[in-house]
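Q: First the structure, then my questions, so here it is.
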Amino acid sequence: MLKPRPLKLKLAHSLSMFSNSDEAVINKKLPKELLLRIFSFLDVVTLCRCAQVSRSWNVLALDGSNWQRIDLFDFQRDIEGRVVENISKRCGGFLRKLSLRGCLGVGDSALRTFAQNCRNIELLSLNGCTKITDSTCNSLSKFCPKLKHLDLASCTSITNLSLKALSEGCPQLEQLNISWCDQVTKDGIQALVRCCPGLKGLFLKGCTQLEDEALKHIGAHCPELITLNLQTCSQITDEGLITICRGCHRLQSLCVSGCANITDAILNALGQNCPRLRILEVARCSQLTDVGFTTLARVSLPALSDTHKPECRITDGTLIQLSIHCPRLQVLSLSHCELITDDGIRHLGSGPCAHDRLEVIELDNCPLITDASLEHLKTCHSLDRIELYDCQQITRTGIKRLRTHLPNIKVHAYFAPVTPPPSVGGSRQRFCRCCILL
């Protein structure tokens with residue numbers, strides 16, 4: 001006897017097959033207000049599908065109130081200026097958040113139409129939209145006074161004129177990302193911070209023309225600053241950063257990786273002036289030493305939870321101080337810290353942060369680390385990931401023992417292939433398999 005096949009119908013498909021009378025019944029069962037409420041939880045793709053079910057659903061699904069938050073990153077290759085213009089006309093004042101990250105086809109003209117139609121926009125990401133210029137910021141300044149978060153990273157045509165325009169028309173700006181906008185100088189920063197005192201996040205990664213003078217303006221006018229990224233701003237020195245420390249007491253996250261001119265004076269200034277600091281990134285700052293990190297840890301940093309210091313001249317002394325004075329430490333990067341030994345890891349593993357807080361530790365390219373360090377870390381019950389690339393004294397056996405205590409830990413390591421035996425004739429050189437392939 002044949003069994004009946006189970007009925008499998010998707011909602012949108014089944015409703016599209018209904019007659020007008022059936023649809024009328026459904027609309028009576030589900031009032032428009034309820035449908036609008038349901039549609040407000042749907043993403044862009046689902047809303048577009050619902051819009052194809054029927055005329056009434058088309059009107060409801062495309063109602064501007066359902067399009068307050070739009071992220072078009074997944075469709076970046078298909079998004080052109082006219083699409084942005086159509087969205088802005090449909091959404092109007094309802095739209096609050098829009099991400100056009102990576103949409104290379106969007107230019108100034110489309111964004112001018114967008115700014116005119118969506119004057120209540122608060123968060124806008126144009127990250128990687130390389131066609132836009134200062135004209136876009138002029139439009140935002142003229143029509144979008146409520147703008148709070150703006151991402152212009154990798155928009156390399158942006159200049160000081162954009163920052164001056166934003167300062168005049170967007171006084172509520174709280175977060176600005178102009179990473180890799182390498183035409184920006186101290187003049188643009190000065191104009192921006194003088195008229196936007198509420199800035200909490202400033203991302204200046206790769207703005208290579210910035211000097212200490214720009215940091216002095218930030219320190220003088222941004223008392224609310226929480227996050228500052230100055231990665232690879234190679235011209236800045238202790239003088240500018242000390243001004244930041246003295247003027248931005250609420251600072252919680254600072255990245256100065258690649259700023260090779262800074263010294264231990266910065267760590268001392270941070271310890272004395274920024275008690276809320278939680279994240280510190282100082283990779284490739286080769287002039288930082290144990291003395292600075294010891295001062296930083298001792299003075300006033302119980303909240304520090306994330307510190308990156310690859311390629312710094314630090315020793316076990318820094319780890320001892322971190323283990324004592326930073327009980328909330330969650331992420332620690334010691335990449336290329338070639339003076340770190342098992343003894344430093346032993347102190348870290350026995351510190352208050354180790355048992356319940358420490359989640360990530362990066363020890364790649366630390367040549368003095370051995371399996372003993374893994375033994376010291378086995379009591380770190382929250383440890384989720386450990387980096388061990390090019391730690392030549394770490395063995396598979398040591399990693400296996402660590403996993404018996406921490407079965408869910410992610411271990412990133414590499415072991416070179418075993419050197420093949422010499423040939424019978426003895427004339428062939430002994431190369432490892434990697435070298436033979438190369």
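Lettering and numbering for the structure tokens are positional, with chains as A, B, ... in the shown order, residues counted from 1 in each chain, and ligands counted from 1 in the shown order.
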Near Arg246 (chain A), counting only C-alpha atoms, which residues have an atom at most 12 Å away, once you skip same-chain residues fewer than 5 positions from it, shown as number ranges by chain?
A: A: 215-216, 218-223, 225, 239-241, 251, 266, 268-275
Q: For Ser257 (chain A), find every residue with an atom within 10 Å (counting only C-alpha atoms), except residues of its own chain fewer than 3 positions away, and show them as an MDAnalysis selection string.
A: chainID A and resid 205 229:234 254 260 262 280:285 308:310
Q: Mind checking DSSP for region 242-361 of chain A and telling me the strand (DSSP E or B) residues as a list in words?
A: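 In region 242-361 of chain A, DSSP puts these residues in strand (DSSP E or B): Ser253, Leu254, Cys255, Ile279, Leu280, Glu281, Thr289, Asp306, Thr307, His308, Arg313, Val331, Leu332, Ser333, Val360 and Ile361 of chain A.
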Q: Would you put the residues from that selection into a file with N, CA and C atoms, as a short mmCIF file (atom, residue, chain, number, x, y, z; two decimals), in the first residue's frame?
A:
```
data_model
loop_
_atom_site.label_atom_id
_atom_site.label_comp_id
_atom_site.auth_asym_id
_atom_site.auth_seq_id
_atom_site.Cartn_x
_atom_site.Cartn_y
_atom_site.Cartn_z
N SER A 253 40.76 51.56 24.50
CA SER A 253 41.45 50.77 23.47
C SER A 253 42.39 51.66 22.69
N LEU A 254 43.67 51.25 22.64
CA LEU A 254 44.68 52.02 21.92
C LEU A 254 45.53 51.09 21.08
N CYS A 255 45.66 51.41 19.80
CA CYS A 255 46.53 50.65 18.90
C CYS A 255 47.58 51.59 18.33
N ILE A 279 42.45 47.44 26.15
CA ILE A 279 43.11 46.83 24.99
C ILE A 279 44.29 47.71 24.58
N LEU A 280 45.46 47.10 24.49
CA LEU A 280 46.66 47.81 24.08
C LEU A 280 47.40 46.99 23.03
N GLU A 281 47.61 47.57 21.84
CA GLU A 281 48.33 46.90 20.76
C GLU A 281 49.58 47.70 20.43
N THR A 289 60.25 48.26 26.48
CA THR A 289 61.00 47.29 27.27
C THR A 289 60.22 46.86 28.51
N ASP A 306 43.30 42.87 27.08
CA ASP A 306 43.81 42.46 25.77
C ASP A 306 45.07 43.26 25.49
N THR A 307 46.21 42.57 25.35
CA THR A 307 47.45 43.28 25.06
C THR A 307 48.24 42.55 23.99
N HIS A 308 48.66 43.31 22.98
CA HIS A 308 49.43 42.77 21.87
C HIS A 308 50.79 43.48 21.86
N ARG A 313 61.02 44.25 23.04
CA ARG A 313 62.17 43.73 23.76
C ARG A 313 61.80 43.46 25.21
N VAL A 331 43.30 38.29 26.45
CA VAL A 331 44.04 38.03 25.20
C VAL A 331 45.45 38.58 25.36
N LEU A 332 46.45 37.74 25.10
CA LEU A 332 47.85 38.16 25.23
C LEU A 332 48.63 37.68 24.02
N SER A 333 49.21 38.62 23.27
CA SER A 333 50.03 38.28 22.12
C SER A 333 51.49 38.58 22.43
N VAL A 360 43.07 33.63 25.01
CA VAL A 360 43.96 33.51 23.85
C VAL A 360 45.38 33.91 24.26
N ILE A 361 46.37 33.08 23.86
CA ILE A 361 47.77 33.44 24.06
C ILE A 361 48.54 33.08 22.80
#
```
Q: Residues at most 10 Å from Asn177 (chain A), counting only C-alpha atoms, excluding those fewer than 6 positions away in the same chain, as a PyMOL selection string?
A: chain A and resi 125-127+149-154+201-205+228-229
Q: Mind giving me the straight-line distance from CA of Ser373 (chain A) to CA of Asp342 (chain A) in Å, one decimal?
A: 5.0 Å
Q: From the DSSP assignment of the backbone, select every residue of region 129-309 of chain A that is helix (DSSP H, G or I), and format the answer as a PyMOL selection string.
A: chain A and resi 134-143+160-169+186-195+212-221+238-247+264-273+290-300
Q: In Å, with one decimal, what is the gap from CA of Leu62 (chain A) to CA of Leu100 (chain A)?
A: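 Atom-to-atom, CA of Leu62 (chain A) and CA of Leu100 (chain A) are spaced 19.2 Å apart.
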Q: Just the number, please: distance in Å from CA of Asp290 (chain A) to CA of Ile314 (chain A), one decimal.
A: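 Between CA of Asp290 (chain A) and CA of Ile314 (chain A) the gap is 4.9 Å.
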Q: Would you mind listing what lies within 8 Å of Leu210 (chain A) as a count of residues only, with only C-alpha atoms counted and same-chain residues fewer than 4 positions away left out?
A: 7
Q: Return the single residue from A:Glu168, A:Thr156, A:Pro197, A:Thr341 that is closest to Asp182 (chain A), with distances computed using only C-alpha atoms.
A: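 Of all the options, A:Thr156 lies closest to Asp182 (chain A).
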Q: With a distance cut-off of 7 Å and only C-alpha atoms, select the neighbouring residues of Asp364 (chain A), excluding the residue or stretch itself and same-chain residues fewer than 6 positions from it, and output the selection as a list in words.
A: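 Returned residues: Ser335, His336, Glu387, Leu388, Tyr389, Asp390 and Cys391 of chain A.
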Q: If you keep N, CA and C atoms, can you produce a file of those selected residues as a CSV table (one decimal), in the first residue's frame?
A:
```
chain,number,residue,atom,x,y,z
A,335,SER,N,53.9,37.4,20.2
A,335,SER,CA,54.5,37.0,19.0
A,335,SER,C,55.9,37.6,18.8
A,336,HIS,N,56.9,36.8,18.5
A,336,HIS,CA,58.3,37.3,18.2
A,336,HIS,C,58.9,37.9,19.4
A,387,GLU,N,48.8,30.0,19.9
A,387,GLU,CA,49.6,30.0,18.7
A,387,GLU,C,51.0,29.6,19.1
A,388,LEU,N,51.5,28.6,18.3
A,388,LEU,CA,52.8,28.0,18.6
A,388,LEU,C,53.6,27.9,17.3
A,389,TYR,N,53.3,28.6,16.3
A,389,TYR,CA,54.1,28.6,15.1
A,389,TYR,C,55.6,28.9,15.3
A,390,ASP,N,56.5,28.1,14.8
A,390,ASP,CA,57.9,28.3,14.8
A,390,ASP,C,58.4,28.3,16.3
A,391,CYS,N,57.8,27.7,17.2
A,391,CYS,CA,58.3,27.4,18.5
A,391,CYS,C,59.0,26.0,18.4
```
Q: Show me, as an MDAnalysis selection string, the residues that have an atom within 7 Å of Asp316 (chain A) when counting only C-alpha atoms, minus same-chain residues fewer than 2 positions from it.
A: chainID A and resid 318:320 340:341 343:344
